[in-house]
Each structure stands twice: as structure tokens, then as C-alpha cells.
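Q: The structure file query29.txt (compact mmCIF, C-alpha atoms and all ligand atoms) is provided below.
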# COMPACT_ATOMS: atom_id res chain seq x y z
CA MET A 1 6.15 9.54 16.37
CA ILE A 2 7.63 8.09 13.20
CA THR A 3 5.70 8.57 9.94
CA ARG A 4 6.38 8.09 6.26
CA PHE A 5 5.27 9.04 2.81
CA ALA A 6 5.60 5.96 0.58
CA PRO A 7 4.85 6.80 -3.05
CA SER A 8 5.21 4.43 -5.98
CA PRO A 9 7.06 6.14 -8.86
CA THR A 10 4.46 5.29 -11.49
CA GLY A 11 3.47 8.84 -12.41
CA PRO A 12 3.69 12.44 -11.25
CA LEU A 13 2.68 13.28 -7.69
CA HIS A 14 -0.60 15.18 -7.59
CA LEU A 15 -2.42 17.27 -5.01
CA GLY A 16 -3.59 14.15 -3.16
CA HIS A 17 -0.01 12.98 -2.70
CA ALA A 18 1.01 16.45 -1.55
CA TYR A 19 -1.70 16.33 1.10
CA SER A 20 -0.55 12.90 2.28
CA ALA A 21 3.12 13.87 2.41
CA LEU A 22 2.49 17.23 4.11
CA LEU A 23 0.15 15.70 6.69
CA ALA A 24 2.53 12.83 7.55
CA HIS A 25 5.40 15.31 7.73
CA ASP A 26 3.53 17.84 9.89
CA MET A 27 2.24 15.20 12.31
CA ALA A 28 5.77 13.92 12.93
CA ARG A 29 7.21 17.44 13.17
CA ASP A 30 4.52 18.61 15.61
CA ALA A 31 5.28 15.59 17.82
CA GLY A 32 9.04 16.12 17.61
CA GLY A 33 9.32 12.83 15.71
CA GLN A 34 10.74 11.61 12.41
CA PHE A 35 9.41 11.69 8.86
CA HIS A 36 10.63 9.21 6.22
CA LEU A 37 10.32 9.07 2.46
CA ARG A 38 10.14 5.53 1.08
CA ILE A 39 10.16 4.68 -2.61
CA GLU A 40 7.81 1.75 -3.26
CA ASP A 41 9.13 0.58 -6.60
CA THR A 42 8.62 -3.18 -6.52
CA ASP A 43 6.38 -3.03 -9.61
CA ILE A 44 9.18 -3.06 -12.16
CA ASP A 45 6.81 -2.78 -15.11
CA ARG A 46 5.22 0.46 -13.99
CA CYS A 47 7.95 2.31 -12.05
CA ARG A 48 10.27 4.70 -13.88
CA PRO A 49 13.44 6.51 -12.72
CA GLU A 50 12.12 9.80 -14.10
CA TRP A 51 9.04 9.57 -11.87
CA GLU A 52 11.26 8.85 -8.90
CA ALA A 53 13.44 11.89 -9.68
CA LEU A 54 10.28 14.00 -9.88
CA ILE A 55 9.16 12.79 -6.43
CA PHE A 56 12.36 14.15 -4.90
CA GLU A 57 12.03 17.44 -6.81
CA ASP A 58 8.39 17.93 -5.81
CA MET A 59 9.01 17.02 -2.17
CA LYS A 60 11.91 19.46 -1.87
CA TRP A 61 9.92 22.16 -3.59
CA LEU A 62 7.08 21.59 -1.10
CA GLY A 63 9.61 22.43 1.61
CA LEU A 64 9.75 18.93 3.09
CA SER A 65 12.80 17.24 4.54
CA TRP A 66 13.09 13.61 5.55
CA GLU A 67 15.35 11.12 7.27
CA GLN A 68 18.30 9.61 5.42
CA PRO A 69 18.90 7.19 3.88
CA VAL A 70 15.79 6.85 1.75
CA LEU A 71 14.64 3.25 1.53
CA ARG A 72 14.12 2.10 -2.06
CA GLN A 73 12.20 -1.17 -2.08
CA SER A 74 13.73 -2.45 -5.33
CA GLU A 75 17.02 -2.75 -3.41
CA HIS A 76 15.50 -5.15 -0.85
CA LEU A 77 13.66 -7.69 -2.98
CA GLU A 78 15.60 -10.65 -1.62
CA GLY A 79 14.61 -9.82 1.94
CA TYR A 80 10.90 -9.57 1.04
CA HIS A 81 11.13 -12.79 -0.90
CA ALA A 82 12.66 -14.57 2.09
CA VAL A 83 9.71 -13.49 4.24
CA LEU A 84 7.28 -14.73 1.62
CA MET A 85 9.10 -18.08 1.46
CA GLY A 86 8.86 -18.25 5.25
CA LEU A 87 5.07 -18.04 4.92
CA ALA A 88 5.23 -20.70 2.20
CA ASP A 89 7.25 -22.98 4.50
CA ARG A 90 4.44 -22.66 7.03
CA GLY A 91 1.96 -23.86 4.37
CA LEU A 92 0.22 -20.47 4.22
CA VAL A 93 0.88 -19.69 0.57
CA TYR A 94 0.04 -21.53 -2.66
CA PRO A 95 0.87 -21.04 -6.34
CA CYS A 96 -1.86 -19.69 -8.59
CA SER A 97 -1.91 -19.67 -12.37
CA CYS A 98 -5.37 -18.16 -12.82
CA SER A 99 -5.53 -15.22 -15.16
CA ARG A 100 -7.75 -12.29 -14.35
CA SER A 101 -10.24 -13.50 -16.94
CA ALA A 102 -10.22 -17.06 -15.54
CA ILE A 103 -10.95 -15.65 -12.10
CA ARG A 104 -13.81 -13.59 -13.48
CA ALA A 105 -15.22 -16.62 -15.30
CA ALA A 106 -15.04 -18.76 -12.16
CA MET A 107 -17.09 -16.15 -10.38
CA SER A 108 -19.62 -15.49 -13.09
CA ALA A 109 -22.30 -17.91 -11.89
CA PRO A 110 -23.32 -16.56 -8.51
CA GLN A 111 -24.68 -19.18 -6.12
CA GLU A 112 -25.08 -19.72 -2.43
CA GLY A 113 -21.76 -19.74 -0.59
CA VAL A 114 -19.75 -18.33 -3.50
CA PRO A 115 -17.55 -15.45 -2.41
CA ALA A 116 -18.45 -11.89 -3.36
CA PRO A 117 -16.97 -10.50 -6.60
CA ASP A 118 -13.29 -9.61 -6.47
CA VAL A 119 -12.56 -12.26 -3.86
CA TYR A 120 -10.57 -15.07 -5.43
CA PRO A 121 -12.67 -18.28 -5.58
CA GLY A 122 -9.76 -20.53 -4.55
CA THR A 123 -9.38 -22.50 -7.77
CA CYS A 124 -5.67 -23.19 -7.15
CA ARG A 125 -5.86 -23.55 -3.36
CA HIS A 126 -5.20 -27.29 -3.46
CA ARG A 127 -1.85 -26.82 -5.21
CA PRO A 128 1.33 -27.37 -3.15
CA MET A 129 4.32 -25.04 -3.48
CA SER A 130 6.24 -27.88 -5.12
CA ASP A 131 3.86 -27.46 -8.05
CA ARG A 132 4.87 -23.82 -8.61
CA ARG A 133 5.47 -23.06 -12.26
CA SER A 134 7.19 -20.03 -13.67
CA GLY A 135 4.60 -17.31 -14.13
CA ASP A 136 2.49 -18.39 -11.14
CA ALA A 137 1.43 -15.84 -8.56
CA LEU A 138 1.57 -16.75 -4.86
CA ARG A 139 -1.57 -16.41 -2.77
CA LEU A 140 -2.19 -16.37 0.94
CA ASP A 141 -4.46 -19.17 2.14
CA MET A 142 -6.68 -16.89 4.21
CA VAL A 143 -8.48 -19.58 6.19
CA LYS A 144 -5.22 -21.26 7.21
CA ALA A 145 -3.67 -17.90 8.01
CA ILE A 146 -6.54 -17.00 10.33
CA GLY A 147 -6.04 -20.34 12.06
CA GLU A 148 -2.54 -19.24 13.07
CA VAL A 149 -3.43 -15.95 14.72
CA GLY A 150 -5.49 -14.95 17.70
CA HIS A 151 -7.27 -11.70 18.51
CA MET A 152 -6.27 -8.93 16.09
CA GLU A 153 -6.99 -5.23 16.34
CA PHE A 154 -5.64 -1.83 15.38
CA THR A 155 -6.23 1.78 16.28
CA GLU A 156 -7.31 4.31 13.68
CA THR A 157 -7.13 8.05 14.27
CA GLY A 158 -8.34 9.33 10.87
CA PRO A 159 -11.60 11.31 10.63
CA LYS A 160 -13.83 8.67 9.00
CA HIS A 161 -13.09 5.51 10.98
CA ALA A 162 -11.57 6.75 14.26
CA GLY A 163 -11.48 4.12 16.99
CA THR A 164 -10.33 0.58 17.70
CA HIS A 165 -11.06 -2.00 15.01
CA VAL A 166 -11.16 -5.70 15.82
CA LEU A 167 -10.55 -7.95 12.81
CA ASP A 168 -13.45 -10.30 12.09
CA PRO A 169 -12.24 -13.62 10.57
CA ALA A 170 -15.47 -14.14 8.63
CA ARG A 171 -15.10 -10.73 6.98
CA LEU A 172 -11.44 -11.36 6.18
CA VAL A 173 -12.47 -14.48 4.30
CA ALA A 174 -15.50 -12.94 2.61
CA GLU A 175 -14.07 -9.52 1.76
CA ILE A 176 -10.34 -10.06 1.25
CA GLY A 177 -9.88 -13.78 0.71
CA ASP A 178 -6.74 -15.35 -0.71
CA ALA A 179 -4.78 -12.19 -1.49
CA VAL A 180 -1.86 -12.24 -3.91
CA LEU A 181 1.39 -11.81 -1.96
CA GLY A 182 3.86 -12.67 -4.69
CA ARG A 183 3.58 -11.89 -8.32
CA LYS A 184 4.59 -13.61 -11.45
CA GLU A 185 8.15 -12.37 -11.42
CA ILE A 186 9.98 -14.88 -9.26
CA GLU A 187 11.49 -12.37 -6.82
CA THR A 188 8.65 -9.86 -6.63
CA VAL A 189 6.36 -9.54 -3.66
CA SER A 190 3.20 -7.48 -3.68
CA TYR A 191 3.01 -4.00 -2.25
CA VAL A 192 0.97 -5.11 0.79
CA LEU A 193 3.68 -7.41 2.09
CA ALA A 194 6.70 -5.22 1.27
CA ALA A 195 5.05 -2.27 3.01
CA VAL A 196 4.29 -4.33 6.14
CA ILE A 197 7.90 -5.52 6.32
CA ASP A 198 9.30 -2.01 5.89
CA ASP A 199 6.84 -0.28 8.19
CA ALA A 200 8.05 -2.60 10.95
CA GLY A 201 11.71 -2.50 9.92
CA GLN A 202 11.72 1.30 9.90
CA GLY A 203 9.89 1.48 13.22
CA MET A 204 6.83 3.35 11.92
CA SER A 205 4.54 4.34 14.76
CA HIS A 206 1.83 5.97 12.59
CA ILE A 207 0.80 5.14 9.04
CA VAL A 208 -0.66 8.27 7.47
CA ARG A 209 -2.25 7.64 4.06
CA GLY A 210 -5.40 8.10 1.99
CA GLU A 211 -8.75 6.50 2.68
CA ASP A 212 -8.40 4.52 -0.54
CA LEU A 213 -6.05 2.20 1.38
CA TRP A 214 -8.48 1.58 4.26
CA GLN A 215 -9.49 -1.97 3.17
CA ILE A 216 -5.87 -3.00 2.69
CA THR A 217 -5.22 -2.21 6.35
CA PHE A 218 -7.11 -5.31 7.45
CA LEU A 219 -4.89 -7.54 5.32
CA GLN A 220 -1.79 -5.72 6.51
CA VAL A 221 -2.73 -6.10 10.18
CA LEU A 222 -3.29 -9.81 9.58
CA LEU A 223 0.17 -10.06 8.00
CA GLN A 224 1.71 -8.23 10.96
CA ASN A 225 0.16 -10.79 13.29
CA LEU A 226 1.30 -13.71 11.14
CA LEU A 227 4.84 -12.35 11.02
CA ASP A 228 4.95 -11.31 14.67
CA LEU A 229 5.45 -7.66 13.75
CA PRO A 230 4.06 -4.71 15.72
CA THR A 231 0.89 -3.03 14.47
CA PRO A 232 1.28 0.72 14.09
CA THR A 233 -1.50 3.25 14.61
CA TYR A 234 -3.25 4.11 11.33
CA HIS A 235 -4.50 7.48 10.15
CA HIS A 236 -6.43 7.39 6.88
CA HIS A 237 -7.08 10.90 5.62
CA ARG A 238 -9.78 12.18 3.28
CA LEU A 239 -9.02 12.06 -0.43
CA VAL A 240 -8.42 15.23 -2.38
CA ARG A 241 -10.99 15.37 -5.16
CA ASP A 242 -11.23 17.36 -8.36
CA GLU A 243 -13.96 19.92 -9.07
CA THR A 244 -16.37 17.19 -10.17
CA GLY A 245 -15.84 15.16 -6.99
CA LYS A 246 -13.71 12.47 -8.64
CA ARG A 247 -10.66 11.27 -6.75
CA LEU A 248 -7.38 12.26 -8.37
CA ALA A 249 -5.36 9.64 -10.19
CA LYS A 250 -1.73 9.67 -11.25
CA ARG A 251 -2.77 10.18 -14.86
CA ASP A 252 -4.52 13.46 -14.05
CA ASP A 253 -1.58 15.54 -15.15
CA ALA A 254 -3.52 18.74 -14.69
CA LYS A 255 -3.36 18.28 -10.92
CA ALA A 256 0.31 17.27 -10.91
CA ILE A 257 2.47 19.21 -8.45
CA ARG A 258 4.87 19.83 -11.30
CA THR A 259 2.15 21.55 -13.32
CA TYR A 260 1.29 23.89 -10.43
CA ARG A 261 4.98 24.51 -9.87
CA GLU A 262 5.55 25.39 -13.52
CA ASN A 263 2.52 27.67 -13.51
CA GLY A 264 3.91 29.77 -10.69
CA ALA A 265 2.08 28.38 -7.64
CA THR A 266 3.91 28.47 -4.30
CA PRO A 267 4.13 25.66 -1.73
CA GLU A 268 1.81 27.78 0.43
CA ASP A 269 -0.75 27.77 -2.39
CA ILE A 270 -0.59 23.96 -2.43
CA ARG A 271 -1.12 23.79 1.33
CA ARG A 272 -4.12 26.06 0.98
CA MET A 273 -5.55 24.03 -1.91
CA VAL A 274 -5.45 20.79 0.05
CA GLY A 275 -6.85 22.45 3.16
CA LEU A 276 -3.80 22.49 5.42
N1 LIG B 301 2.88 2.98 -2.37
C1 LIG B 301 1.49 3.16 -2.13
C2 LIG B 301 0.89 4.07 -3.17
O1 LIG B 301 1.61 4.83 -3.79
C3 LIG B 301 1.19 3.76 -0.76
C4 LIG B 301 1.42 2.82 0.31
C5 LIG B 301 1.07 3.24 1.73
O2 LIG B 301 1.01 4.44 2.02
O3 LIG B 301 0.90 2.35 2.54
O4 LIG B 301 -0.30 4.02 -3.37
Turn the structure described in the file into C-alpha cells.
Ligand code: GLU
A:
Amino acid sequence: MITRFAPSPTGPLHLGHAYSALLAHDMARDAGGQFHLRIEDTDIDRCRPEWEALIFEDMKWLGLSWEQPVLRQSEHLEGYHAVLMGLADRGLVYPCSCSRSAIRAAMSAPQEGVPAPDVYPGTCRHRPMSDRRSGDALRLDMVKAIGEVGHMEFTETGPKHAGTHVLDPARLVAEIGDAVLGRKEIETVSYVLAAVIDDAGQGMSHIVRGEDLWQITFLQVLLQNLLDLPTPTYHHHRLVRDETGKRLAKRDDAKAIRTYRENGATPEDIRRMVGL
């Protein structure tokens, strides 16, 4: 078994991250496998070196060890970009200049056949790659993409959705639609694609992560099929919530591992708090 913890250094790790890292680590250890730490820092606007340094500190303090070398995604942008251009060469990607507000406006008059909110309405779908202007995002043409793949499925072992899941093309179109794979910065690919490339490149057998990433799995499995990459087994774990039942966010400094650490908690206390 090969697992990973793949945080983005955009804030301090909190109890939810600790649960994810400990669970992925323990599953690999119990199976005599490998556990990796991967730094997902493709979002250059939000990632900071000090948050990355804190990830290493917190992970060591938790008593975790991981395989070397650590993969830092910002060092592999050209490779991700090449994969994205490969999809573009196959006619599966188009440039999009819609702003968030333009997308919202295009979706504001609900009518028969219009996709559900949050699914891009396809305003730029007719545009060829040769029309790409600086500042454009790149989107997957979901309908064309589905036309290139056959039967798709994955196995989930987490508590909420355990079982085999077959991807339904109609739901991919209606619920995910033309996802953004490349962002405005010329060489930057979105998290979903970079993670798929690295999960395969690093030979991940099990993806252990929070239930908040459940929906994304369907897009990632589609990308694996498009790119001829193996589909790992997924394990989406419950989210650690605060006392009021809200899921923890990176800005909740009160639940940061560092805060517990500084207040004298032990790694065993953290394990107990997250229910391990
Ligand atoms: N980098 C993602 C995050 O911090 C996690 C990605 C994953 O586990 O697949 O939310």
C-alpha cells in the first residue's frame, strides 16, 4: 500500500489535517507499505514558504515519518503543463475568459436545460486554442472528454460511500461540467490535474483524504481514464468538526496543530482528539 498526505501550504495545519495525515500514515504502516508527504503548492498566490515550513514541523512533532524525497509540485509545473497541452492537442480543452461574475450572470436566468448552479454554462466552448489570450483559463470540454473514454469506475473504502462507483456520463456533465484545468497564469495547472499526474507518477495505491474532496474524485477518475493512468482505491474519511459542528478551515487558528503544540498538548492528545 502506498499512501500520501498532500497539503497545500496556504495556512496552518489543523486537527482535520492531522487526522488525514495520521490515518494515511497508519494505513500504510499497518500494511507494511509506504507513506509520502507531497506539497501541493501550485497556487502561487496563496502558498507561502512559512506555511510549508510549519507543515514539516507539525508532521515531525506528530511523530510521522515519510518517504524521501518530498515532491513539491511547484518544481514540476512544466511537466503538468505538457500534460495539459496534450489534452489541448486532442481538442479536449478550450480557453475561457469568463470572470466569476460573468459566469454567475450567465446562469442567473434558470430555464429548461440550463445546467445547475456552479456548473459552467459553456459560454467560451466554441473557442479554439489558437484564440487563447493571456489571462484565459483552460477548461475541459466535458462532453468531448466523455466521448473518448469507455466504462469508468473506482473503489471507495471510506465509511460513507464504501463500494464500487461507476461514473455516469450524464451526471458528469450536469454536476461537474467543463472544469477548469489550467488557470490564468500561463504555466499553472489546477490542483485536480496536478494531483492526478502525481498520484500516478508516485504509484499511489490508496488516496486517503477528507470527504470534502468526494465530488472531485469523479473528475479525477475521468482524467485518469483520459490520460491512461491507473485509478487508485479511494478512502474518504469523515471531517473533523468543531464544537458547533462546523468543518474546520485553515483560518481557524484556534484548532491549528501549532496552537495545541504551544499549549502543551502531546501527539497522543491529538490522536485522541481526532478519534484515532
Ligand atoms: N492539496 C489538497 C488540499 O490541501 C488535498 C489534495 C488531496 O488530498 O487529494 O486540500
Q: Under the rule that all atoms listed in the file are counted, which of A:Ala31, A:Met85, A:Lys184, A:Met152 is the nearest residue to Gln220 (chain A)?
A: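 Of A:Ala31, A:Met85, A:Lys184, A:Met152, the one nearest Gln220 (chain A) is A:Met152, counting all atoms listed in the file.
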Q: Residues near region 187-199 of chain A, anyone? I mean within 7 Å using all atoms listed in the file, not counting same-chain ones fewer than 5 positions away, as a PyMOL selection string.
A: chain A and resi 42+77-78+80-81+180-182+204+220+224
Q: Counting only C-alpha atoms and all ligand atoms, what residues are within 6 Å of ligand LIG 301 (chain B), given as a list in words?
A: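 Based on only C-alpha atoms and all ligand atoms, ligand LIG 301 (chain B) is surrounded within 6 Å by Ala6, Pro7, Ser8, Glu40 and Arg209 of chain A.
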Q: May I ask for the distance between CA of Leu172 (chain A) and CA of Arg133 (chain A), given in Å to one decimal place?
A: 27.6 Å
Q: Just give me the gap between CA of Thr233 (chain A) and CA of Thr157 (chain A) in Å, one decimal is fine.
A: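 So the answer is 7.4 Å.
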Q: Counting all atoms listed in the file, I want the residues whose atoms come within 10 Å of (-1.4, -11.4, 6.0) in the file frame, returned as a ChimeraX atom specification.
A: /A:87,92,140-142,145-146,178-181,192-193,196,217-227
Q: Kindly give the distance, in Å, that separates CA of Thr3 (chain A) and CA of Val208 (chain A), rounded to a single decimal.
A: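 So the two atoms, CA of Thr3 (chain A) and CA of Val208 (chain A), lie 6.8 Å apart.
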Q: Considering only C-alpha atoms, return as a ChimeraX atom specification whatever protein or nucleic-acid residues lie within 6 Å of region 71-73 of chain A, sequence-local ones (same chain, fewer than 3 positions apart) excluded.
A: /A:38-41,76
